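Trainee: Pasting start06.txt below, which is compact mmCIF, C-alpha atoms.
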```txt
# COMPACT_ATOMS: atom_id res chain seq x y z
CA MET V 1 -54.96 -24.04 -12.61
CA SER V 2 -57.62 -21.57 -13.73
CA ALA V 3 -57.68 -18.59 -16.06
CA ALA V 4 -58.05 -16.27 -13.03
CA THR V 5 -55.03 -17.64 -11.12
CA ASP V 6 -53.01 -17.82 -14.34
CA LEU V 7 -53.78 -14.16 -14.95
CA LEU V 8 -52.60 -13.22 -11.44
CA ARG V 9 -49.48 -15.39 -11.70
CA GLU V 10 -48.63 -13.68 -14.98
CA ARG V 11 -49.04 -10.25 -13.41
CA TYR V 12 -46.76 -11.09 -10.44
CA ARG V 13 -44.07 -12.44 -12.77
CA GLY V 14 -44.39 -9.43 -15.07
CA LEU V 15 -43.54 -7.14 -12.14
CA ALA V 16 -40.51 -9.10 -10.89
CA VAL V 17 -37.93 -7.53 -13.24
CA PRO V 18 -39.12 -3.88 -13.03
CA LEU V 19 -39.29 -4.29 -9.23
CA ARG V 20 -35.48 -4.49 -9.23
CA SER V 21 -35.39 -0.78 -10.11
CA VAL V 22 -36.61 -0.02 -6.57
CA SER V 23 -33.59 -1.46 -4.73
CA GLU V 24 -31.22 -0.37 -7.52
CA LEU V 25 -32.25 3.24 -6.89
CA ALA V 26 -31.61 2.74 -3.16
CA ASP V 27 -28.16 1.31 -4.00
CA GLU V 28 -27.21 4.24 -6.23
CA ALA V 29 -29.05 7.21 -4.66
CA ALA V 30 -26.04 8.83 -2.98
CA GLY V 31 -23.95 8.93 -6.19
CA LEU V 32 -26.55 10.57 -8.47
CA SER V 33 -26.74 14.24 -9.45
CA PRO V 34 -29.85 16.07 -8.12
CA SER V 35 -31.52 16.03 -11.55
CA ASP V 36 -30.76 12.32 -12.17
CA LEU V 37 -31.98 11.47 -8.69
CA ARG V 38 -35.28 13.31 -9.28
CA ARG V 39 -35.73 11.58 -12.63
CA ARG V 40 -35.05 8.12 -11.17
CA ILE V 41 -37.39 8.74 -8.22
CA ASP V 42 -40.11 9.85 -10.67
CA THR V 43 -39.66 6.64 -12.67
CA VAL V 44 -39.72 4.36 -9.62
CA HIS V 45 -42.70 6.22 -8.12
CA GLY V 46 -44.56 5.92 -11.43
CA PHE V 47 -43.89 2.18 -11.56
CA LEU V 48 -45.10 1.70 -8.00
CA VAL V 49 -48.29 3.73 -8.51
CA HIS V 50 -49.24 2.49 -11.99
CA SER V 51 -48.17 -1.14 -11.70
CA VAL V 52 -47.79 -2.31 -8.08
CA LEU V 53 -50.62 -0.27 -6.49
CA ARG V 54 -52.87 -0.94 -9.48
CA LEU V 55 -52.46 -4.69 -9.00
CA SER V 56 -53.02 -4.18 -5.29
CA ARG V 57 -56.32 -2.33 -5.92
CA ASP V 58 -57.47 -5.06 -8.33
CA GLU V 59 -56.76 -7.73 -5.71
CA VAL V 60 -58.49 -5.86 -2.90
CA ARG V 61 -61.52 -5.32 -5.15
CA ALA V 62 -61.76 -8.76 -6.78
CA VAL V 63 -59.67 -11.42 -5.00
CA TYR V 64 -59.73 -10.66 -1.30
CA PRO V 65 -63.54 -10.67 -0.91
CA VAL V 66 -63.54 -14.16 -2.46
CA LEU V 67 -60.67 -15.23 -0.21
CA SER V 68 -62.50 -13.89 2.85
CA ARG V 69 -65.62 -15.83 1.94
CA LEU V 70 -63.66 -19.06 1.46
CA LEU V 71 -61.98 -18.51 4.83
CA ALA V 72 -65.35 -17.89 6.52
CA GLY V 73 -64.53 -14.28 7.42
CA PRO V 74 -61.88 -11.60 7.02
CA PRO V 75 -59.33 -12.60 9.74
CA GLY V 76 -57.68 -15.22 7.53
CA SER V 77 -56.95 -12.73 4.77
CA VAL V 78 -56.18 -9.71 6.99
CA PRO V 79 -52.39 -10.35 7.18
CA LEU V 80 -52.18 -10.14 3.36
CA THR V 81 -54.47 -7.08 3.29
CA ARG V 82 -52.27 -5.43 5.91
CA GLU V 83 -49.26 -5.89 3.62
CA HIS V 84 -51.10 -4.00 0.85
CA GLU V 85 -51.75 -1.16 3.32
CA GLU V 86 -48.07 -1.02 4.27
CA VAL V 87 -47.02 -0.85 0.60
CA THR V 88 -49.47 2.02 0.03
CA ARG V 89 -48.15 3.81 3.14
CA LEU V 90 -44.53 3.54 1.96
CA VAL V 91 -45.42 4.68 -1.59
CA ASN V 92 -47.16 7.72 -0.05
CA GLU V 93 -44.05 8.42 2.02
CA LEU V 94 -41.99 8.24 -1.19
CA ALA V 95 -44.42 10.67 -2.87
CA GLU V 96 -43.93 13.19 -0.03
CA LEU V 97 -40.16 12.91 -0.33
CA ARG V 98 -40.39 13.29 -4.13
CA HIS V 99 -42.44 16.44 -3.65
CA ARG V 100 -39.86 17.92 -1.23
CA LEU V 101 -37.01 17.09 -3.62
CA SER V 102 -38.72 18.89 -6.49
CA ARG V 103 -37.83 22.14 -4.67
CA ALA V 104 -34.49 21.42 -2.97
CA ALA V 105 -31.40 19.20 -3.08
CA ILE V 106 -31.49 16.03 -1.00
CA THR V 107 -30.14 16.19 2.57
CA GLY V 108 -28.30 13.42 4.43
CA THR V 109 -31.41 12.60 6.45
CA GLU V 110 -33.54 12.45 3.30
CA THR V 111 -31.03 10.07 1.67
CA LYS V 112 -31.45 7.76 4.68
CA ASP V 113 -35.25 8.04 4.47
CA LEU V 114 -35.14 7.28 0.75
CA ARG V 115 -33.05 4.12 1.31
CA ARG V 116 -35.30 2.97 4.18
CA ILE V 117 -38.44 3.43 2.07
CA LEU V 118 -37.03 1.77 -1.07
CA TYR V 119 -35.33 -1.22 0.58
CA GLY V 120 -38.46 -1.71 2.73
CA LEU V 121 -40.74 -1.64 -0.34
CA ASP V 122 -38.47 -4.01 -2.26
CA LEU V 123 -38.59 -6.60 0.50
CA ILE V 124 -42.28 -6.34 1.39
CA VAL V 125 -43.51 -6.40 -2.23
CA ARG V 126 -41.24 -9.30 -3.23
CA LEU V 127 -42.22 -11.40 -0.24
CA HIS V 128 -45.91 -10.54 -0.67
CA PHE V 129 -45.92 -11.71 -4.32
CA GLU V 130 -44.11 -14.88 -3.28
CA LYS V 131 -46.79 -15.62 -0.67
CA GLU V 132 -49.61 -14.90 -3.08
CA GLU V 133 -48.11 -17.07 -5.79
CA GLN V 134 -47.04 -19.98 -3.58
CA LEU V 135 -49.80 -19.96 -0.95
CA MET V 136 -52.86 -17.95 -2.04
CA LEU V 137 -53.15 -19.07 -5.67
CA PRO V 138 -52.90 -22.81 -4.88
CA PHE V 139 -55.50 -22.25 -2.12
CA LEU V 140 -57.86 -20.58 -4.61
CA GLU V 141 -57.24 -23.35 -7.14
CA ARG V 142 -58.17 -25.98 -4.54
CA ARG V 143 -61.24 -24.23 -3.21
CA LEU V 144 -62.91 -22.33 -6.07
CA SER V 145 -65.58 -24.03 -8.17
CA GLU V 146 -65.30 -23.63 -11.94
CA ALA V 147 -68.13 -21.08 -11.94
CA GLU V 148 -66.49 -19.06 -9.13
CA ALA V 149 -63.11 -19.13 -10.92
CA ARG V 150 -64.75 -17.89 -14.12
CA CYS V 151 -66.53 -15.11 -12.24
CA LEU V 152 -63.21 -14.05 -10.61
CA TYR V 153 -61.49 -14.01 -13.99
CA GLU V 154 -64.25 -11.79 -15.43
CA THR V 155 -64.06 -9.38 -12.47
CA LEU V 156 -60.27 -9.15 -12.77
CA SER V 157 -60.35 -8.69 -16.55
CA ARG V 158 -63.08 -6.04 -16.42
CA GLY V 159 -60.97 -3.62 -14.41
CA PRO V 160 -62.32 -1.13 -11.87
CA MET D 1 -47.88 -11.36 26.97
CA ILE D 2 -46.78 -11.47 23.33
CA GLN D 3 -47.51 -7.74 23.13
CA ASP D 4 -45.14 -7.26 26.12
CA GLU D 5 -42.46 -9.30 24.37
CA HIS D 6 -42.95 -7.29 21.17
CA ARG D 7 -42.57 -4.04 23.13
CA SER D 8 -39.30 -5.22 24.64
CA LEU D 9 -38.05 -6.38 21.21
CA MET D 10 -39.04 -3.12 19.47
CA SER D 11 -36.09 -1.11 20.82
CA HIS D 12 -33.77 -3.69 19.21
CA VAL D 13 -35.78 -3.47 15.97
CA GLU D 14 -35.21 0.31 15.97
CA GLY D 15 -31.52 -0.54 16.46
CA LEU D 16 -31.52 -2.30 13.05
CA ARG D 17 -32.51 0.99 11.44
CA SER D 18 -29.95 2.94 13.47
CA VAL D 19 -27.12 0.66 12.30
CA ALA D 20 -28.30 0.88 8.67
CA GLU D 21 -28.22 4.68 8.93
CA VAL D 22 -24.59 4.88 10.06
CA VAL D 23 -23.09 2.43 7.54
CA GLY D 24 -20.24 4.32 5.85
CA GLU D 25 -20.33 7.14 8.44
CA VAL D 26 -18.71 5.67 11.56
CA SER D 27 -15.36 4.02 12.36
CA PRO D 28 -14.88 0.35 11.40
CA GLY D 29 -14.89 -0.62 15.10
CA LEU D 30 -18.20 1.10 15.81
CA LEU D 31 -19.80 -0.39 12.71
CA ARG D 32 -18.63 -3.90 13.65
CA GLN D 33 -20.09 -3.39 17.13
CA GLY D 34 -23.44 -2.27 15.70
CA VAL D 35 -23.59 -5.21 13.28
CA ASP D 36 -22.58 -7.65 16.07
CA ASP D 37 -25.38 -6.31 18.28
CA ALA D 38 -27.93 -6.57 15.45
CA TYR D 39 -26.84 -10.13 14.66
CA ARG D 40 -27.01 -11.19 18.32
CA PHE D 41 -30.50 -9.67 18.65
CA LEU D 42 -31.69 -11.65 15.63
CA THR D 43 -30.16 -14.99 16.53
CA GLU D 44 -30.51 -14.91 20.32
CA LEU D 45 -33.84 -13.09 20.80
CA LEU D 46 -35.94 -12.65 17.68
CA ILE D 47 -35.53 -16.05 15.99
CA PRO D 48 -36.12 -18.04 19.22
CA HIS D 49 -39.26 -15.87 19.74
CA ALA D 50 -40.39 -16.71 16.18
CA ASP D 51 -39.77 -20.43 16.72
CA ALA D 52 -41.77 -20.31 19.96
CA GLU D 53 -44.69 -18.69 18.13
CA GLU D 54 -44.64 -21.50 15.59
CA ARG D 55 -44.90 -24.03 18.45
CA GLY D 56 -47.62 -22.24 20.43
CA VAL D 57 -49.58 -19.45 18.77
CA TYR D 58 -49.76 -20.45 15.10
CA PRO D 59 -51.18 -23.98 15.56
CA ALA D 60 -53.94 -22.47 17.75
CA VAL D 61 -54.72 -19.75 15.18
CA THR D 62 -54.80 -22.34 12.35
CA LYS D 63 -57.31 -24.39 14.36
CA ILE D 64 -59.55 -21.36 14.97
CA LEU D 65 -59.48 -20.27 11.31
CA GLY D 66 -59.83 -23.79 9.93
CA SER D 67 -57.08 -22.99 7.42
CA ASP D 68 -53.32 -22.51 7.53
CA LEU D 69 -53.23 -19.81 4.83
CA ALA D 70 -52.72 -16.93 7.30
CA THR D 71 -50.20 -18.74 9.51
CA GLU D 72 -48.23 -20.13 6.56
CA GLY D 73 -47.82 -16.52 5.39
CA MET D 74 -46.49 -15.57 8.84
CA ILE D 75 -44.10 -18.55 8.78
CA ARG D 76 -42.79 -17.25 5.44
CA ASP D 77 -41.98 -13.98 7.23
CA HIS D 78 -40.00 -15.96 9.83
CA ALA D 79 -38.14 -17.82 7.07
CA GLU D 80 -37.23 -14.50 5.45
CA VAL D 81 -35.95 -13.16 8.80
CA LYS D 82 -33.74 -16.26 9.12
CA ARG D 83 -32.46 -15.86 5.55
CA LEU D 84 -31.59 -12.19 6.18
CA ALA D 85 -29.99 -12.99 9.55
CA ALA D 86 -27.74 -15.55 7.82
CA ALA D 87 -26.84 -12.92 5.20
CA LEU D 88 -26.01 -10.47 8.01
CA GLY D 89 -23.81 -13.15 9.61
CA ASP D 90 -21.84 -13.43 6.34
CA LEU D 91 -21.46 -9.64 6.14
CA LYS D 92 -20.32 -9.55 9.76
CA ARG D 93 -17.55 -12.08 9.04
CA GLN D 94 -16.56 -10.05 5.97
CA LEU D 95 -16.24 -6.91 8.14
CA ASP D 96 -13.97 -8.82 10.52
CA LEU D 97 -11.58 -9.60 7.66
CA ASP D 98 -11.66 -6.66 5.24
CA PRO D 99 -12.26 -2.90 5.24
CA LEU D 100 -15.79 -1.78 4.30
CA THR D 101 -16.24 -1.72 0.52
CA GLU D 102 -19.01 0.12 -1.36
CA GLN D 103 -20.64 -3.22 -2.20
CA THR D 104 -20.59 -4.41 1.42
CA ALA D 105 -22.05 -1.07 2.53
CA ARG D 106 -24.96 -1.53 0.08
CA ASP D 107 -25.53 -5.14 1.15
CA LEU D 108 -25.54 -4.12 4.81
CA ARG D 109 -28.09 -1.32 4.23
CA ARG D 110 -30.30 -3.55 2.10
CA THR D 111 -30.27 -6.34 4.72
CA LEU D 112 -30.81 -4.10 7.75
CA TYR D 113 -33.51 -1.86 6.24
CA GLY D 114 -35.24 -4.95 4.82
CA LEU D 115 -35.27 -6.59 8.25
CA TYR D 116 -36.51 -3.37 9.85
CA ALA D 117 -39.51 -3.11 7.48
CA LEU D 118 -40.30 -6.82 7.68
CA VAL D 119 -40.19 -7.23 11.45
CA ARG D 120 -42.22 -4.09 12.20
CA LEU D 121 -44.95 -5.14 9.78
CA HIS D 122 -44.90 -8.71 11.09
CA PHE D 123 -45.45 -7.55 14.70
CA THR D 124 -48.32 -5.30 13.57
CA LYS D 125 -50.02 -8.18 11.75
CA GLU D 126 -49.75 -10.43 14.81
CA GLU D 127 -51.04 -7.79 17.20
CA GLU D 128 -53.90 -6.59 14.99
CA THR D 129 -55.11 -9.95 13.72
CA LEU D 130 -53.80 -13.15 15.22
CA LEU D 131 -53.69 -12.29 18.91
CA PRO D 132 -57.22 -10.80 19.03
CA LEU D 133 -58.41 -14.08 17.46
CA LEU D 134 -56.94 -16.06 20.35
CA GLU D 135 -58.51 -13.74 22.91
CA ALA D 136 -61.92 -13.89 21.19
CA HIS D 137 -62.07 -17.66 20.75
CA LEU D 138 -60.22 -19.16 23.69
CA SER D 139 -60.64 -19.11 27.46
CA PRO D 140 -57.93 -17.40 29.56
CA GLU D 141 -56.78 -20.86 30.68
CA GLN D 142 -56.39 -22.05 27.07
CA VAL D 143 -54.40 -18.91 26.21
CA LYS D 144 -52.13 -19.58 29.21
CA GLN D 145 -51.55 -23.13 27.96
CA ILE D 146 -50.43 -21.76 24.60
CA PHE D 147 -47.95 -19.43 26.24
CA ARG D 148 -46.64 -22.30 28.37
CA ALA D 149 -46.10 -24.30 25.17
CA MET D 150 -44.08 -21.36 23.85
CA GLU D 151 -41.83 -21.46 26.90
CA THR D 152 -41.08 -25.17 26.47
CA PRO D 153 -37.79 -25.52 24.62
CA PRO D 154 -37.97 -27.55 21.40
CA PRO D 155 -36.66 -31.13 21.60
CA SER D 156 -32.91 -31.19 21.00
CA PRO D 157 -31.68 -33.20 18.02
CA ALA D 158 -31.38 -36.90 18.89
CA ARG D 159 -27.82 -37.96 19.68
CA GLU D 160 -26.34 -40.59 17.47
CA GLU D 161 -25.92 -43.92 19.26
CA ARG D 162 -22.34 -45.12 19.35
```
Rewrite the structure from the file as structure tokens, please.
Mentor:
Amino acid sequence: MSAATDLLRERYRGLAVPLRSVSELADEAAGLSPSDLRRRIDTVHGFLVHSVLRLSRDEVRAVYPVLSRLLAGPPGSVPLTREHEEVTRLVNELAELRHRLSRAAITGTETKDLRRILYGLDLIVRLHFEKEEQLMLPFLERRLSEAEARCLYETLSRGP
Amino acid sequence: MIQDEHRSLMSHVEGLRSVAEVVGEVSPGLLRQGVDDAYRFLTELLIPHADAEERGVYPAVTKILGSDLATEGMIRDHAEVKRLAAALGDLKRQLDLDPLTEQTARDLRRTLYGLYALVRLHFTKEEETLLPLLEAHLSPEQVKQIFRAMETPPPSPAREER
């Protein structure tokens, strides 16, 4: 255990409950009035941008360079990095849909797109946190020296 | 070779999305057919392909990287595919017995769209990262050996002596 990995573990766990709102919106989308649907999409989009993508940026900035160095090069951490890119891509797709819906009622095709994006995000983000918590954090705890762990904690706490 | 297999599997992966899109819109018979096809694809093609990768490709990648962090993450993807395939199997049996309820429709969409996102991303990660590693670090003969290992069926469970 280290302060840095504890901090990350705490952040993953803090996002687990609000993450449920993503699949709940997918479950309920077709039964909502246009104004309720817009409001719920705004809320979910805000959560994804301000919480999930913010954590993602912090990890790409502070954790993944350390991980790459411990793995003697980027290939070992690329699969996890690629998952961050996919989450960003899906959040951007949601933002485009949100923009279109600010001007018109949702169509059948857009309802299908919305469900695909939200159920996809729910699964990828949940599984990604699980991998980071159960595989990446124990790896960091095994391999980081005390000084390196302290430095990582300071970088994470400092913010961008 | 794996890229070729992925290409042939991709049309079935798109099928997962197509079935998710018509849940609640087509006749019970057509929906059952779509879910049956998706379930057969997962259990007869995709999961055996995943198991073969765990026998052939992943041990080689772990050796090259000197760590199992990347491959363990990929194995977690496989485990999630198996979990979702089992969930789809349960939903399929439910459809055989009862008419489609709102809850079953939601569970079907969640399972199928989840699988669609997961499998597409998993293929991309393999093609962009793991396979180029094999090509860069191994001779063509060594790569062939790995693919041969993938074709070898796993040992069947030992029979109990009577």
Trainee: Sorted by chain and rising residue number, which residues of region 81-115 of chain V lie within 10 Å of region 10-28 of chain V, and what are their closest atom pairs and distances in Å to one decimal, counting all atoms listed in the file, as a tab-separated table?
Mentor:
```
residue	atom	partner	partner_atom	distance
V:Thr111	CA	V:Ala26	CA	8.8
V:Lys112	CA	V:Ala26	CA	9.3
V:Asp113	CA	V:Ala26	CA	10.0
V:Leu114	CA	V:Ala26	CA	7.0
V:Arg115	CA	V:Ala26	CA	4.9
```
Trainee: Could you please select, counting all atoms listed in the file, the residues of chain D within 6 Å of chain V and state them as a list of chain:residue names?
Mentor: D:Ala70, D:Arg106, D:Arg110, D:Tyr113, D:Gly114, D:Ala117, D:Lys125
Trainee: Keeping C-alpha atoms, export the residues of the selection given above as a PDB file, keeping the file's coordinate frame.
Mentor:
```pdb
ATOM      1  CA  ALA D  70     -52.720 -16.930   7.300  1.00  0.00           C
ATOM      2  CA  ARG D 106     -24.960  -1.530   0.080  1.00  0.00           C
ATOM      3  CA  ARG D 110     -30.300  -3.550   2.100  1.00  0.00           C
ATOM      4  CA  TYR D 113     -33.510  -1.860   6.240  1.00  0.00           C
ATOM      5  CA  GLY D 114     -35.240  -4.950   4.820  1.00  0.00           C
ATOM      6  CA  ALA D 117     -39.510  -3.110   7.480  1.00  0.00           C
ATOM      7  CA  LYS D 125     -50.020  -8.180  11.750  1.00  0.00           C
TER       8      LYS D 125
END
```
Trainee: Looking at only C-alpha atoms, which of D:Val57, D:Leu69, D:Ala20, D:Leu112 is the one that sits closest to Phe147 (chain D)?
Mentor: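 For Phe147 (chain D), the nearest of the candidates is D:Val57.
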Trainee: Name all residues at most 9 Å from region 47-55 of chain D (count all atoms listed in the file; drop same-chain ones fewer than 2 positions away) and give them as a list in words.
Mentor: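 Close residues of region 47-55 of chain D: Glu5, Phe41, Leu42, Thr43, Glu44, Leu45, Val57, Tyr58, Pro59, Thr71, Ile75, His78, Val81, Lys82, Ile146, Phe147, Ala149, Met150, Glu151, Thr152, Pro153 and Pro154 of chain D.
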Trainee: Tell me, in Å to one decimal, how far CA of Gly15 (chain D) is from CA of Thr111 (chain D).
Mentor: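 We find that CA of Gly15 (chain D) and CA of Thr111 (chain D) lie 13.2 Å from each other.
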Trainee: CA of Gly66 (chain D) and CA of Pro65 (chain V), how far apart in Å?
Mentor: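 Here the two named atoms are 17.4 Å from each other.
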Trainee: Show me the residues around (-59.8, -5.7, -16.7) - criterion: an atom at most 12 Å away, all atoms listed in the file counted - as a PyMOL selection string.
Mentor: chain V and resi 4+7-8+54-55+57-59+61-62+152-160
Trainee: What is the distance between CA of Gln94 (chain D) and CA of Leu115 (chain D), in Å to one decimal?
Mentor: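 Between these atoms lies a distance of 19.2 Å.
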Trainee: Using all atoms listed in the file and a cutoff of 12 Å, can you tell me which residues are near (-45.1, -7.9, 21.8) in the file's coordinates, and write them out as a PyMOL selection string?
Mentor: chain D and resi 1-11+13+46+49-50+53+119-120+122-128+131
Trainee: Within 12 Å of Leu95 (chain D), counting all atoms listed in the file, which residues show up once you throw out same-chain ones fewer than 5 positions away? Write them as a list in words, please.
Mentor: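 Within the cut-off, the hits are Val23, Ser27, Pro28, Gly29, Leu30, Leu31, Arg32, Gln33, Gly34, Val35, Asp36, Leu88, Gly89, Asp90, Leu100, Thr101, Gln103, Thr104, Ala105, Asp107 and Leu108 of chain D.
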Trainee: To box region 5-8 of chain V, take all atoms listed in the file, fit an axis-aligned box, add 4 Å on each side, and give centre and edge lengths in Å to one decimal, as JSON.
Mentor:
```
{"center_x": -53.8, "center_y": -15.5, "center_z": -13.0, "size_x": 10.4, "size_y": 12.6, "size_z": 11.8}
```
